[in-house]
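What follows is a short report on a single structure.
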Amino acid sequence: MASLSGLSSSQSLKPKPSFLPIQKDPIRATIHSPKPANYSRVIPSLSVHSVARDVPADIPSSYSSPSSLKVGNDYPGKMPKKGLALEKNPKSLWRRYVDWLYQHKELGLYLDVSRIGFTDEFVKEMEPRFLAAFKAMEELEKGAIANPDEARMVGHYWLRNPKLAPKSFLKSQIENTLDGVLKFADDVISGKVKTPSGGHFTQILSVGIGGSALGPQFVAEALAPDNPPLKIRFIDNTDPAGIDHQIAQLGPELASTLVIVISKSGGTPETRNGLLEVQKAFREAGLEFAKQGVAITQENSLLDNTARIEGWLARFPMFDWVGGRTSEMSAVGLLPAALQGIDIKEMLAGASLMDEATRTTELRNNPSALLALCWYWACDAVGSKDMVVLPYKDSLLLFSRYLQQLVMESLGKEYDLNGNKVNQGLTVYGNKGSTDQHAYIQQLREGVHNFFVTFIEVLRDRPPGHDWELEPGVTCGDYLFGMLQGTRSALYANDRESITVTIQEVTPRLVGAMIALYERAVGLYASLININAYHQPGVEAGKKAAAAVLALQKRVLAVLNEASCKEPVEPLTIEQVADHCHCPEDIEMIYKIVAHMAANDRALIAEGSCGSPWSIKVFLGECNVDETYA
């Protein structure tokens with residue numbers, strides 16, 4: 001794989017690291033009371049789901065906010081509404097629940113926003129902004145340049161409905177890729193595509209990072225059968241120990257492992273490193289990697305060309321108009337899922353149904369718009385509160401990690417579309433219920449009020465016919481249900497707001513729908529706060545800084561090599577190394593580089609210790625006459 005050795009960024013960059021902390025707006029969002037709206041709507045049928053009367057608060061609470069918020073745009077709802085409290089009257093709260101409950105009958109999905117305290121006046125004030133957001137989303141789906149900074153279309157919605165693609169060749173690309181994924185997965189599972197020794201593939205090793213890993217990991221955890229045709233493992237970092245662990249766990253099954261390498265550009269350093277480590281393992285095992293390798297990458301990328309030249313088993317395309325964090329419905333997510341026996345057509349169908357539902361311009365009947373409305377209200381449109389995601393289902397544990405990237409990478413922006421500095425964002429973290437009850441619910445209930453909660457509820461506990469009662473009238477799933485409803489009530493009683501997404505069960509169709517629900521919510525919210533949700537300049541800045549550190553490390557190695565080649569060897573102080581590198585301003589980073597190399601036996605400390613930087617004298621221990629570090 002010499003052809004991939006040049007994937008890392010330029011070595012000529014000089015590091016200018018800045019370790020200034022990112023400051024979060026300290027403003028606390030106020031507590032607002034809803035005013036009863038028109039309650040003439042028909043109560044949706046939801047026989048399994050009932051609303052318990054909220055537990056009275058034992059601890060009085062009051063919150064105040066600064067008199068104004070300084071942000072780049074004039075956001076409605078940003079001004080504090082002092083003296084208002086959340087609705088606590090049981091009858092009024094029940095009416096509010098019924099009036100604002102969203103139901104998608106065909107999917108069996110419900111969205112409850114009644115425990116977010118937005119007012120009717122706020123909703124009316126937001127209507128013009130939502131109309132503009134809906135129009136922008138309509139133009140996006142028609143092929144407008146929705147990512148102006150990179151001059152790109154944004155087309156992940158076309159993946160589940162190719163007819164929406166603005167050009168016929170795009171429609172063909174999507175359909176051909178899906179057909180290719182389905183055929184390849186069927187051929188692998190059936191044994192038509194065999195291992196080099198003639199057997200069945202038994203394992204998948206997926207090498208990718210960010211959106212190339214988080215979506216596939218979430219879907220695998222949520223939907224893979226107990227005994228899938230191929231089991232999947234992930235290398236999603238450049239941590240040597242983590243890579244070694246995944247390869248070691250495969251053991252002799254490395255010979256029957258299908259390796260999927262996912263990188264749009266083919267130049268992502270972490271993915272490149274994972275690939276090189278896996279290829280090394282194949283060589284040491286006497287295996288030919290190309291006969292077990294699959295590439296998912298952009299056409300004519302370095303990875304694509306390498307896979308083509310070396311004759312890898314298969315190649316699938318990534319598209320310029322699909323971002324990593326919205327790529328789960330592309331080959332990135334569909335191929336690993338199909339190989340595990342997951343019904344990817346059902347995933348696409350669920351996403352398509354949700355897309356259709358979230359195109360409506362009627363706010364009350366658009367679940368993604370309702371989420372965006374709640375985020376805007378709860379966070380004062382400036383990310384003043386965190387979103388805590390609590391799925392009460394073990395199989396949905398990774399949903400919070402998936403949303404973390406989707407939301408934070410999309411919304412965490414320094415500048416808005418007009419060039420104003422706004423430092424926007426929405427922090428996402430989470431666990432699972434009821435593990436959360438024994439982790440951080442204590443702080444959520446009684447500690448600092450800097451969050452709102454999103455509960456994910458799954459009504460079906462077990463497949464039909466498999467449930468049983470632990471005690472008269474109570475099953476294990478009833479306890480989980482009780483913990484969710486109890487936690488929701490206890491939090492709200494102490495003025496902690498929450499959203500609840502309820503699904504009937506965890507199926508490919510509903511997982512696809514949930515992905516689509518949040519993808520659209522992020523896009524709409526981004527329009528409301530006037531930012532580009534589809535680029536990631538901060539990520540690119542981090543990559544450049546990392547490349548600069550590695551370039552500096554090579555200069556340090558060259559200096560230490562020169563000192564180690566002298567007779568006698570001339571150990572250098574950290575200050576001398578910095579001077580010889582002609583970058584005394586980077587002395588702290590040079591110290592960290594030396595400490596890391598010493599910990600990995602790649603440099604020797606002749607005097608002093610790393611705990612006392614000024615005392616250190618360092619050299620390499622051997623002279624490399626080829627001077628490959630220069």
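Within each chain, counting starts at residue 1; across the structure tokens, chains are named A, B, ... in the order shown, with ligands numbered 1 upward in that order.
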Problem set entry | Residue neighbourhood Pro228 of chain A, 10 Å, only C-alpha atoms, exclusion window fewer than 6 positions, as a PyMOL selection string | chain A and resi 189+202-203+339-342
How would the residues just picked look written out with N, CA and C atoms as a PDB file, in the first residue's frame?
ATOM      1  N   ILE A 189     -23.725 -13.317   1.576  1.00  0.00           N
ATOM      2  CA  ILE A 189     -24.453 -14.120   2.559  1.00  0.00           C
ATOM      3  C   ILE A 189     -24.737 -15.525   2.021  1.00  0.00           C
ATOM      4  N   THR A 202     -17.575 -14.660   7.439  1.00  0.00           N
ATOM      5  CA  THR A 202     -18.260 -14.741   8.729  1.00  0.00           C
ATOM      6  C   THR A 202     -18.215 -13.442   9.523  1.00  0.00           C
ATOM      7  N   GLN A 203     -17.291 -12.553   9.175  1.00  0.00           N
ATOM      8  CA  GLN A 203     -17.095 -11.326   9.945  1.00  0.00           C
ATOM      9  C   GLN A 203     -16.978 -10.126   9.002  1.00  0.00           C
ATOM     10  N   LEU A 339     -25.320  -6.662   5.024  1.00  0.00           N
ATOM     11  CA  LEU A 339     -24.477  -7.831   5.282  1.00  0.00           C
ATOM     12  C   LEU A 339     -24.785  -8.482   6.625  1.00  0.00           C
ATOM     13  N   GLN A 340     -25.407  -7.732   7.531  1.00  0.00           N
ATOM     14  CA  GLN A 340     -25.812  -8.288   8.828  1.00  0.00           C
ATOM     15  C   GLN A 340     -27.229  -8.853   8.788  1.00  0.00           C
ATOM     16  N   GLY A 341     -27.851  -8.809   7.625  1.00  0.00           N
ATOM     17  CA  GLY A 341     -29.200  -9.340   7.514  1.00  0.00           C
ATOM     18  C   GLY A 341     -30.281  -8.356   7.880  1.00  0.00           C
ATOM     19  N   ILE A 342     -29.951  -7.071   7.958  1.00  0.00           N
ATOM     20  CA  ILE A 342     -30.922  -6.025   8.275  1.00  0.00           C
ATOM     21  C   ILE A 342     -31.645  -5.625   6.986  1.00  0.00           C
TER      22      ILE A 342
END
Kindly provide the residues of segment 372-431 of chain A that approach segment 214-220 of chain A to within 10 Å, each paired with its closest atom pair and their distance in Å to one decimal, based on only C-alpha atoms, listed by chain and increasing number, as a tab-separated table.
residue	atom	partner	partner_atom	distance
A:Ser395	CA	A:Phe218	CA	8.5
A:Leu396	CA	A:Phe218	CA	7.3
A:Leu397	CA	A:Phe218	CA	7.9
A:Leu398	CA	A:Phe218	CA	5.1
A:Phe399	CA	A:Phe218	CA	6.0
A:Ser400	CA	A:Phe218	CA	9.1
A:Arg401	CA	A:Leu214	CA	7.1
A:Tyr402	CA	A:Leu214	CA	5.5
A:Leu403	CA	A:Leu214	CA	9.1
A:Gln404	CA	A:Leu214	CA	9.5
A:Gln405	CA	A:Leu214	CA	8.1
A:Leu406	CA	A:Leu214	CA	9.5
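Secondary structure by DSSP on the backbone puts the following residues of segment 423-516 of chain A in strand (DSSP E): A:Val428, A:Tyr429, A:Gly430, A:Phe451, A:Phe452, A:Val453, A:Thr454, A:Phe455, A:Ile456, A:Glu457, A:Val458, A:Glu469, A:Leu470, A:Glu471, A:Val474, A:Thr475, A:Ser498, A:Ile499, A:Thr500, A:Val501, A:Thr502, A:Ile503.
For the residues A:Gly486, A:Pro463, A:Pro128, A:Pro613, ranking by smallest atom-to-atom distance to Met589 of chain A using only C-alpha atoms places A:Pro613 first.
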For this session: Measure the distance from atom CA of Trp375 of chain A to atom CA of Val522 of chain A in Å and round it to one decimal.
Result: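 According to the coordinates, atom CA of Trp375 of chain A and atom CA of Val522 of chain A are separated by 9.8 Å.
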Exercise. Which is closest to Asn273 of chain A among A:Leu335, A:Asp236, A:Ala381, A:Ser168, if we use only C-alpha atoms?
Worked result: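 Between A:Leu335, A:Asp236, A:Ala381, A:Ser168, the residue approaching Asn273 of chain A most closely is A:Asp236.
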For this session: From a DSSP calculation on the backbone, collect every residue of segment 89-231 of chain A in helix (DSSP H, G or I) and output the set as a ChimeraX atom specification.
Result: /A:90-100,120-141,156-160,162-164,168-190,211-223
For this session: Do a neighbour search on segment 507-509 of chain A at 10 Å with only C-alpha atoms, toss out local chain neighbours closer than 4 positions, and write the hits as a list in words.
Result: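 Skipping anything fewer than 4 positions along the chain leaves Leu107, Val219, Ala222, Leu223, Ala224, Ala337, Ile342, Asp343, Ile344, Lys345, Glu346, Met347, Leu348, Ala349, Gly350, Ala351, Ser352, Leu353, Met354, Ile503, Ala513 and Met514 of chain A.
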Saved selection, atoms kept: N, CA and C atoms, as a PDB file, in the first residue's frame:
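Saved to out.pdb:
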ATOM      1  N   LEU A 107     -46.427   4.838  10.728  1.00  0.00           N
ATOM      2  CA  LEU A 107     -45.155   4.432  11.330  1.00  0.00           C
ATOM      3  C   LEU A 107     -45.313   3.949  12.770  1.00  0.00           C
ATOM      4  N   VAL A 219     -26.888   1.608  13.935  1.00  0.00           N
ATOM      5  CA  VAL A 219     -27.815   0.692  13.275  1.00  0.00           C
ATOM      6  C   VAL A 219     -27.493  -0.764  13.631  1.00  0.00           C
ATOM      7  N   ALA A 222     -28.750  -1.378  17.102  1.00  0.00           N
ATOM      8  CA  ALA A 222     -30.208  -1.319  17.203  1.00  0.00           C
ATOM      9  C   ALA A 222     -30.901  -2.476  16.503  1.00  0.00           C
ATOM     10  N   LEU A 223     -30.354  -2.928  15.371  1.00  0.00           N
ATOM     11  CA  LEU A 223     -31.133  -3.794  14.488  1.00  0.00           C
ATOM     12  C   LEU A 223     -30.532  -5.152  14.163  1.00  0.00           C
ATOM     13  N   ALA A 224     -29.241  -5.349  14.374  1.00  0.00           N
ATOM     14  CA  ALA A 224     -28.643  -6.632  13.992  1.00  0.00           C
ATOM     15  C   ALA A 224     -29.301  -7.778  14.756  1.00  0.00           C
ATOM     16  N   ALA A 337     -25.196  -2.791   6.969  1.00  0.00           N
ATOM     17  CA  ALA A 337     -26.475  -3.264   7.503  1.00  0.00           C
ATOM     18  C   ALA A 337     -26.968  -4.481   6.730  1.00  0.00           C
ATOM     19  N   ILE A 342     -29.951  -7.071   7.958  1.00  0.00           N
ATOM     20  CA  ILE A 342     -30.922  -6.025   8.275  1.00  0.00           C
ATOM     21  C   ILE A 342     -31.645  -5.625   6.986  1.00  0.00           C
ATOM     22  N   ASP A 343     -32.938  -5.444   7.066  1.00  0.00           N
ATOM     23  CA  ASP A 343     -33.752  -5.103   5.898  1.00  0.00           C
ATOM     24  C   ASP A 343     -33.561  -3.627   5.562  1.00  0.00           C
ATOM     25  N   ILE A 344     -32.654  -3.333   4.643  1.00  0.00           N
ATOM     26  CA  ILE A 344     -32.334  -1.941   4.333  1.00  0.00           C
ATOM     27  C   ILE A 344     -33.441  -1.277   3.515  1.00  0.00           C
ATOM     28  N   LYS A 345     -34.220  -2.051   2.782  1.00  0.00           N
ATOM     29  CA  LYS A 345     -35.354  -1.456   2.069  1.00  0.00           C
ATOM     30  C   LYS A 345     -36.374  -0.903   3.057  1.00  0.00           C
ATOM     31  N   GLU A 346     -36.541  -1.580   4.169  1.00  0.00           N
ATOM     32  CA  GLU A 346     -37.444  -1.089   5.205  1.00  0.00           C
ATOM     33  C   GLU A 346     -36.891   0.180   5.876  1.00  0.00           C
ATOM     34  N   MET A 347     -35.593   0.230   6.075  1.00  0.00           N
ATOM     35  CA  MET A 347     -34.984   1.454   6.598  1.00  0.00           C
ATOM     36  C   MET A 347     -35.263   2.634   5.673  1.00  0.00           C
ATOM     37  N   LEU A 348     -35.053   2.412   4.383  1.00  0.00           N
ATOM     38  CA  LEU A 348     -35.287   3.472   3.403  1.00  0.00           C
ATOM     39  C   LEU A 348     -36.761   3.851   3.343  1.00  0.00           C
ATOM     40  N   ALA A 349     -37.639   2.864   3.461  1.00  0.00           N
ATOM     41  CA  ALA A 349     -39.074   3.143   3.433  1.00  0.00           C
ATOM     42  C   ALA A 349     -39.492   3.993   4.625  1.00  0.00           C
ATOM     43  N   GLY A 350     -38.953   3.658   5.803  1.00  0.00           N
ATOM     44  CA  GLY A 350     -39.273   4.443   6.995  1.00  0.00           C
ATOM     45  C   GLY A 350     -38.785   5.868   6.888  1.00  0.00           C
ATOM     46  N   ALA A 351     -37.566   6.026   6.362  1.00  0.00           N
ATOM     47  CA  ALA A 351     -37.020   7.377   6.187  1.00  0.00           C
ATOM     48  C   ALA A 351     -37.848   8.162   5.183  1.00  0.00           C
ATOM     49  N   SER A 352     -38.281   7.505   4.113  1.00  0.00           N
ATOM     50  CA  SER A 352     -39.078   8.173   3.095  1.00  0.00           C
ATOM     51  C   SER A 352     -40.433   8.621   3.642  1.00  0.00           C
ATOM     52  N   LEU A 353     -41.062   7.771   4.435  1.00  0.00           N
ATOM     53  CA  LEU A 353     -42.329   8.142   5.059  1.00  0.00           C
ATOM     54  C   LEU A 353     -42.163   9.348   5.978  1.00  0.00           C
ATOM     55  N   MET A 354     -41.074   9.355   6.749  1.00  0.00           N
ATOM     56  CA  MET A 354     -40.844  10.492   7.637  1.00  0.00           C
ATOM     57  C   MET A 354     -40.516  11.751   6.837  1.00  0.00           C
ATOM     58  N   ILE A 503     -41.986   5.218  20.033  1.00  0.00           N
ATOM     59  CA  ILE A 503     -42.161   4.320  18.888  1.00  0.00           C
ATOM     60  C   ILE A 503     -42.722   2.997  19.387  1.00  0.00           C
ATOM     61  N   ALA A 513     -36.933   5.994  10.112  1.00  0.00           N
ATOM     62  CA  ALA A 513     -37.779   7.167  10.356  1.00  0.00           C
ATOM     63  C   ALA A 513     -37.152   8.111  11.385  1.00  0.00           C
ATOM     64  N   MET A 514     -36.572   7.553  12.435  1.00  0.00           N
ATOM     65  CA  MET A 514     -35.965   8.396  13.467  1.00  0.00           C
ATOM     66  C   MET A 514     -34.749   9.154  12.929  1.00  0.00           C
TER      67      MET A 514
END
For this session: Can you pull out every residue within 6 Å of segment 382-389 of chain A, counting only C-alpha atoms, but drop anything in the same chain fewer than 2 positions away, and send it as a PyMOL selection string?
Result: chain A and resi 27+379-380+400+424-430+450-454
Problem set entry | 10 Å contact set for Val207 of chain A, only C-alpha atoms, chain neighbours under 5 positions out, as a PyMOL selection string | chain A and resi 212-213+233-237+243+259-263+270-275+278+295
Which neighbours of Lys566 of chain A fall inside 12 Å, counting only C-alpha atoms, when residues of the same chain fewer than 6 positions from it are skipped, and could you give them as a short mmCIF file (atom, residue, chain, number, x, y, z; two decimals) with all heavy atoms, in the first residue's frame?
data_model
loop_
_atom_site.label_atom_id
_atom_site.label_comp_id
_atom_site.auth_asym_id
_atom_site.auth_seq_id
_atom_site.Cartn_x
_atom_site.Cartn_y
_atom_site.Cartn_z
N VAL A 559 16.28 16.70 14.24
CA VAL A 559 17.23 17.35 15.14
C VAL A 559 17.84 16.34 16.11
O VAL A 559 19.06 16.30 16.33
CB VAL A 559 16.53 18.50 15.91
CG1 VAL A 559 17.40 18.98 17.08
CG2 VAL A 559 16.23 19.65 14.96
N LEU A 560 17.00 15.50 16.69
CA LEU A 560 17.49 14.50 17.64
C LEU A 560 18.36 13.45 16.94
O LEU A 560 19.33 12.95 17.52
CB LEU A 560 16.31 13.82 18.35
CG LEU A 560 15.50 14.71 19.31
CD1 LEU A 560 14.33 13.93 19.90
CD2 LEU A 560 16.39 15.25 20.43
N LEU A 572 20.15 16.67 24.03
CA LEU A 572 19.74 18.06 23.97
C LEU A 572 18.65 18.36 25.00
O LEU A 572 17.79 17.51 25.29
CB LEU A 572 19.20 18.39 22.57
CG LEU A 572 20.15 18.19 21.39
CD1 LEU A 572 19.42 18.49 20.08
CD2 LEU A 572 21.38 19.07 21.54
N PHE A 619 17.84 12.16 23.55
CA PHE A 619 18.43 11.76 22.26
C PHE A 619 17.68 10.52 21.78
O PHE A 619 16.83 9.98 22.49
CB PHE A 619 19.94 11.51 22.39
CG PHE A 619 20.31 10.32 23.24
CD1 PHE A 619 20.79 9.15 22.66
CD2 PHE A 619 20.19 10.36 24.63
CE1 PHE A 619 21.13 8.07 23.45
CE2 PHE A 619 20.53 9.29 25.41
CZ PHE A 619 21.01 8.12 24.82
N LEU A 620 17.97 10.06 20.58
CA LEU A 620 17.22 8.94 20.01
C LEU A 620 17.72 7.58 20.44
O LEU A 620 16.98 6.61 20.43
CB LEU A 620 17.24 9.01 18.48
CG LEU A 620 16.43 10.14 17.84
CD1 LEU A 620 16.44 9.99 16.32
CD2 LEU A 620 15.00 10.16 18.35
N GLY A 621 19.00 7.49 20.76
CA GLY A 621 19.54 6.20 21.16
C GLY A 621 20.24 5.48 20.04
O GLY A 621 21.03 4.57 20.28
N GLU A 622 19.93 5.84 18.80
CA GLU A 622 20.64 5.26 17.67
C GLU A 622 20.68 6.29 16.54
O GLU A 622 19.84 7.18 16.47
CB GLU A 622 19.98 3.98 17.19
CG GLU A 622 18.56 4.16 16.69
CD GLU A 622 17.94 2.86 16.23
OE1 GLU A 622 18.42 1.79 16.63
OE2 GLU A 622 16.96 2.92 15.46
N CYS A 623 21.65 6.18 15.71
CA CYS A 623 21.85 7.11 14.61
C CYS A 623 21.26 6.54 13.34
O CYS A 623 21.60 5.43 12.92
CB CYS A 623 23.34 7.40 14.43
SG CYS A 623 23.72 8.38 12.96
N ASN A 624 20.38 7.30 12.72
CA ASN A 624 19.81 6.90 11.45
C ASN A 624 20.53 7.67 10.35
O ASN A 624 20.24 8.82 10.08
CB ASN A 624 18.31 7.22 11.42
CG ASN A 624 17.63 6.66 10.18
OD1 ASN A 624 18.27 6.46 9.15
ND2 ASN A 624 16.34 6.42 10.28
N VAL A 625 21.47 7.03 9.71
CA VAL A 625 22.31 7.72 8.73
C VAL A 625 21.54 8.13 7.49
O VAL A 625 21.94 9.03 6.75
CB VAL A 625 23.52 6.85 8.33
CG1 VAL A 625 24.43 6.64 9.52
CG2 VAL A 625 23.05 5.51 7.76
#
Exercise. Between A:Leu287, A:Met329, A:Val458, A:Ala603, which has the minimum distance to Trp158 of chain A (counting only C-alpha atoms)?
Worked result: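 Between A:Leu287, A:Met329, A:Val458, A:Ala603, the residue approaching Trp158 of chain A most closely is A:Met329.
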For this session: Calculate how many Å separate atom CA of Val123 of chain A from atom CA of His156 of chain A, rounding to one decimal.
Result: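 Result for atom CA of Val123 of chain A versus atom CA of His156 of chain A: 28.7 Å, one decimal.
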